[in-house]
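Undergrad: One structure is given below, represented as structure tokens, and several questions about it will come after.
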Amino acid sequence: MASPVALLSPCRFSFSPTPRRIGFAVATGSRLRWSSMSQTPPDSVAEDVVVQYVVLRRDLIDTWPLGSVVTQGCHASVAAIWSHRDDPITLQYCSPDNLDSMHKATLEVKGEPQILNLAEKLKASDIAHKLWIEQPENIPTCLATKPYPKSIVSSYFKKLKLCK
């Protein structure tokens with residue numbers, strides 16, 4: 001059963017040049033649904049899946065043991081969620097009702113310069129994430145976002161390939 005408190009997320013969508021829509025997204029299950037008394041949202045907002053993006057380095061996938069690379073992704077994912085454990089969307093994403101239906105996208109970049117560049121772009125746009133840096137080697141290995149509605153963060157990842 002979902003939390004008795006409705007989790008609300010402020011609308012951060014811009015619909016230029018049309019007037020701004022007034023309303024909010026309500027977390028229901030693992031999706032966000034638009035709630036407004038006067039207007040209906042665009043189709044992209046009506047039902048917005050919550051997703052966590054995990055980005056691995058292709059050069060490490062090709063040279064490290066598979067288990068070691070998977071471990072890096074796990075470290076980054078858990079760290080991003082734990083660091084934002086009080087965020088309403090993260091709480092909904094990790095709620096008992098949603099544990100069996102989490103959405104993750106695992107993507108890849110070519111190497112270290114690309115993962116550092118992605119981290120800088122996300123930081124500049126205030127997209128919460130964790131860049132995992134393996135110690136003691138001090139190697140950036142993986143990046144994971146906190147859970148977000150897909151419509152908010154997908155544009156940062158659209159040019160990346162799915163990790164295969």
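Numbering starts fresh at 1 for the residues of each chain in the structure tokens, the chains themselves are lettered A, B, ... in the order given, and ligands are numbered from 1 as they appear.
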Compile the contact shell of Lys110 in chain A as a list in words: residues with an atom at most 10 Å away, counting only C-alpha atoms, same-chain residues fewer than 6 positions apart removed.

TA: Leu56, Arg57, Arg58, Asp59, Leu60, Ile61, Leu160 and Lys161 of chain A

Undergrad: Keeping N, CA and C atoms, export the residues of the selection given above as a tab-separated table (two decimals), in the first residue's frame.

TA:
chain	number	residue	atom	x	y	z
A	56	LEU	N	27.76	3.51	-17.37
A	56	LEU	CA	29.04	2.81	-17.20
A	56	LEU	C	30.02	3.24	-18.29
A	57	ARG	N	31.30	3.03	-18.04
A	57	ARG	CA	32.35	3.33	-19.03
A	57	ARG	C	32.59	2.10	-19.91
A	58	ARG	N	32.47	2.27	-21.21
A	58	ARG	CA	32.68	1.17	-22.16
A	58	ARG	C	34.11	0.64	-22.08
A	59	ASP	N	35.10	1.52	-21.92
A	59	ASP	CA	36.48	1.05	-21.87
A	59	ASP	C	36.72	0.12	-20.69
A	60	LEU	N	36.01	0.33	-19.57
A	60	LEU	CA	36.15	-0.57	-18.44
A	60	LEU	C	35.40	-1.87	-18.67
A	61	ILE	N	34.27	-1.80	-19.34
A	61	ILE	CA	33.51	-3.01	-19.67
A	61	ILE	C	34.36	-3.94	-20.52
A	160	LEU	N	23.26	8.72	-25.58
A	160	LEU	CA	24.04	7.60	-25.10
A	160	LEU	C	23.43	6.27	-25.54
A	161	LYS	N	24.29	5.28	-25.74
A	161	LYS	CA	23.84	3.95	-26.13
A	161	LYS	C	23.46	3.13	-24.91

Undergrad: Which residues are close to Glu108 in chain A, i.e. within 12 Å by only C-alpha atoms, leaving aside same-chain residues fewer than 3 positions away? Reply as a PyMOL selection string.

TA: chain A and resi 53-62+69+73+105+111-112+114-115+118+141-144+157-164

Undergrad: Store the residues picked out above, limited to N, CA and C atoms, as a short mmCIF file (atom, residue, chain, number, x, y, z; two decimals), in the first residue's frame.

TA:
data_model
loop_
_atom_site.label_atom_id
_atom_site.label_comp_id
_atom_site.auth_asym_id
_atom_site.auth_seq_id
_atom_site.Cartn_x
_atom_site.Cartn_y
_atom_site.Cartn_z
N TYR A 53 18.94 6.56 -13.98
CA TYR A 53 19.92 6.31 -15.03
C TYR A 53 21.24 5.89 -14.41
N VAL A 54 21.83 4.83 -14.95
CA VAL A 54 23.14 4.34 -14.54
C VAL A 54 24.00 4.33 -15.79
N VAL A 55 25.15 4.99 -15.73
CA VAL A 55 26.03 5.11 -16.91
C VAL A 55 27.39 4.50 -16.57
N LEU A 56 27.76 3.51 -17.37
CA LEU A 56 29.04 2.81 -17.20
C LEU A 56 30.02 3.24 -18.29
N ARG A 57 31.30 3.03 -18.04
CA ARG A 57 32.35 3.33 -19.03
C ARG A 57 32.59 2.10 -19.91
N ARG A 58 32.47 2.27 -21.21
CA ARG A 58 32.68 1.17 -22.16
C ARG A 58 34.11 0.64 -22.08
N ASP A 59 35.10 1.52 -21.92
CA ASP A 59 36.48 1.05 -21.87
C ASP A 59 36.72 0.12 -20.69
N LEU A 60 36.01 0.33 -19.57
CA LEU A 60 36.15 -0.57 -18.44
C LEU A 60 35.40 -1.87 -18.67
N ILE A 61 34.27 -1.80 -19.34
CA ILE A 61 33.51 -3.01 -19.67
C ILE A 61 34.36 -3.94 -20.52
N ASP A 62 35.17 -3.35 -21.40
CA ASP A 62 36.01 -4.16 -22.30
C ASP A 62 37.28 -4.68 -21.64
N VAL A 69 32.69 -4.43 -13.03
CA VAL A 69 31.98 -3.31 -13.64
C VAL A 69 30.55 -3.24 -13.09
N GLY A 73 28.52 -0.10 -10.94
CA GLY A 73 27.17 0.40 -11.17
C GLY A 73 26.30 0.30 -9.93
N ALA A 105 17.67 2.64 -16.43
CA ALA A 105 18.25 2.60 -17.77
C ALA A 105 19.76 2.55 -17.58
N GLY A 111 34.56 6.53 -22.32
CA GLY A 111 35.65 6.47 -21.35
C GLY A 111 35.57 7.57 -20.32
N GLU A 112 36.69 7.80 -19.65
CA GLU A 112 36.75 8.76 -18.55
C GLU A 112 36.38 10.19 -18.96
N GLN A 114 34.38 11.29 -21.19
CA GLN A 114 32.94 11.38 -21.45
C GLN A 114 32.12 11.31 -20.15
N ILE A 115 32.53 10.47 -19.21
CA ILE A 115 31.76 10.38 -17.96
C ILE A 115 31.96 11.63 -17.12
N LEU A 118 29.76 14.33 -18.75
CA LEU A 118 28.37 14.12 -18.38
C LEU A 118 28.10 14.60 -16.95
N THR A 141 34.37 5.62 -12.38
CA THR A 141 33.95 4.40 -13.06
C THR A 141 32.51 4.40 -13.53
N CYS A 142 31.64 5.10 -12.84
CA CYS A 142 30.21 5.00 -13.11
C CYS A 142 29.51 6.24 -12.59
N LEU A 143 28.34 6.50 -13.14
CA LEU A 143 27.52 7.62 -12.71
C LEU A 143 26.09 7.13 -12.60
N ALA A 144 25.39 7.54 -11.56
CA ALA A 144 23.97 7.22 -11.41
C ALA A 144 23.22 8.45 -10.94
N PHE A 157 20.47 12.12 -21.58
CA PHE A 157 20.97 10.77 -21.86
C PHE A 157 20.58 10.26 -23.24
N LYS A 158 19.86 11.07 -24.04
CA LYS A 158 19.32 10.59 -25.30
C LYS A 158 20.38 10.21 -26.33
N LYS A 159 21.57 10.77 -26.25
CA LYS A 159 22.64 10.45 -27.21
C LYS A 159 23.49 9.25 -26.79
N LEU A 160 23.26 8.72 -25.58
CA LEU A 160 24.04 7.60 -25.10
C LEU A 160 23.43 6.27 -25.54
N LYS A 161 24.29 5.28 -25.74
CA LYS A 161 23.84 3.95 -26.13
C LYS A 161 23.46 3.13 -24.91
N LEU A 162 22.50 2.22 -25.12
CA LEU A 162 22.22 1.24 -24.08
C LEU A 162 23.46 0.38 -23.87
N CYS A 163 23.72 0.04 -22.64
CA CYS A 163 24.86 -0.81 -22.33
C CYS A 163 24.47 -2.25 -22.69
N LYS A 164 25.30 -2.89 -23.50
CA LYS A 164 25.01 -4.27 -23.93
C LYS A 164 26.17 -5.18 -23.60
#

Undergrad: Counting only C-alpha atoms, what is within 10 Å of Thr145 in chain A, bar same-chain residues fewer than 2 positions away, as a PyMOL selection string?

TA: chain A and resi 51-55+76-81+84+104+119+122+127-131+143+147-148+153

Undergrad: Write out the residues from the selection above, keeping C-alpha atoms, as a short mmCIF file (atom, residue, chain, number, x, y, z; two decimals), in the first residue's frame.

TA:
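Written output follows (out_8.cif):
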data_model
loop_
_atom_site.label_atom_id
_atom_site.label_comp_id
_atom_site.auth_asym_id
_atom_site.auth_seq_id
_atom_site.Cartn_x
_atom_site.Cartn_y
_atom_site.Cartn_z
CA VAL A 51 13.63 6.15 -13.69
CA GLN A 52 17.18 5.97 -12.42
CA TYR A 53 19.92 6.31 -15.03
CA VAL A 54 23.14 4.34 -14.54
CA VAL A 55 26.03 5.11 -16.91
CA ALA A 76 26.82 4.40 -7.82
CA SER A 77 23.13 3.44 -7.83
CA VAL A 78 22.95 2.79 -4.09
CA ALA A 79 24.98 5.92 -3.29
CA ALA A 80 22.70 8.12 -5.43
CA ILE A 81 19.58 6.72 -3.80
CA HIS A 84 18.66 11.44 -1.67
CA LYS A 104 16.48 1.78 -14.54
CA ALA A 119 28.84 14.69 -14.65
CA LEU A 122 24.33 17.25 -14.85
CA ILE A 127 20.46 17.10 -11.79
CA ALA A 128 21.26 15.11 -8.64
CA HIS A 129 23.66 12.25 -9.31
CA LYS A 130 26.60 10.33 -7.92
CA LEU A 131 29.83 9.98 -9.86
CA LEU A 143 27.52 7.62 -12.71
CA PRO A 147 15.29 8.65 -9.40
CA TYR A 148 13.58 11.28 -11.56
CA VAL A 153 16.16 13.94 -17.26
#

Undergrad: Work out how far apart CA of Asp97 in chain A and CA of Cys74 in chain A are and give it in Å to one decimal.

TA: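 Interatomic distance, CA of Asp97 in chain A to CA of Cys74 in chain A: 21.4 Å.
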
Undergrad: Work out how far apart CA of Lys123 in chain A and CA of Ile152 in chain A are and give it in Å to one decimal.

TA: 14.3 Å

Undergrad: Could you tell me, as JSON, numbers by chain, which residues of range 61-164 of chain A DSSP assigns to strand (DSSP E or B) when given the backbone?

TA: {"A": [104, 105, 106, 107, 108, 109, 129, 130, 131, 132, 133, 134, 139, 140, 141, 142, 143, 144, 145, 148, 149, 161, 162]}

Undergrad: With C-alpha atoms retained, could you export that selection as a PDB file, in the first residue's frame?

TA:
ATOM      1  CA  LYS A 104      16.483   1.780 -14.543  1.00  0.00           C
ATOM      2  CA  ALA A 105      18.249   2.601 -17.771  1.00  0.00           C
ATOM      3  CA  THR A 106      21.835   1.350 -17.994  1.00  0.00           C
ATOM      4  CA  LEU A 107      23.796   3.272 -20.600  1.00  0.00           C
ATOM      5  CA  GLU A 108      27.432   3.603 -21.598  1.00  0.00           C
ATOM      6  CA  VAL A 109      29.983   6.253 -22.482  1.00  0.00           C
ATOM      7  CA  HIS A 129      23.658  12.254  -9.309  1.00  0.00           C
ATOM      8  CA  LYS A 130      26.599  10.327  -7.922  1.00  0.00           C
ATOM      9  CA  LEU A 131      29.828   9.979  -9.859  1.00  0.00           C
ATOM     10  CA  TRP A 132      31.398   6.852  -8.376  1.00  0.00           C
ATOM     11  CA  ILE A 133      35.171   7.158  -8.030  1.00  0.00           C
ATOM     12  CA  GLU A 134      36.850   3.860  -7.216  1.00  0.00           C
ATOM     13  CA  ILE A 139      39.220   6.212 -11.091  1.00  0.00           C
ATOM     14  CA  PRO A 140      35.774   7.581 -12.069  1.00  0.00           C
ATOM     15  CA  THR A 141      33.954   4.397 -13.065  1.00  0.00           C
ATOM     16  CA  CYS A 142      30.212   4.997 -13.111  1.00  0.00           C
ATOM     17  CA  LEU A 143      27.524   7.620 -12.706  1.00  0.00           C
ATOM     18  CA  ALA A 144      23.967   7.217 -11.414  1.00  0.00           C
ATOM     19  CA  THR A 145      21.177   9.743 -11.021  1.00  0.00           C
ATOM     20  CA  TYR A 148      13.578  11.281 -11.556  1.00  0.00           C
ATOM     21  CA  PRO A 149      10.520  11.497 -13.765  1.00  0.00           C
ATOM     22  CA  LYS A 161      23.841   3.953 -26.127  1.00  0.00           C
ATOM     23  CA  LEU A 162      22.217   1.239 -24.077  1.00  0.00           C
TER      24      LEU A 162
END

Undergrad: In Å, rounded to a single decimal, give me how far CA of Asp48 in chain A is from CA of Lys150 in chain A.

TA: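 Computed distance, CA of Lys150 in chain A to CA of Asp48 in chain A, equals 6.3 Å.
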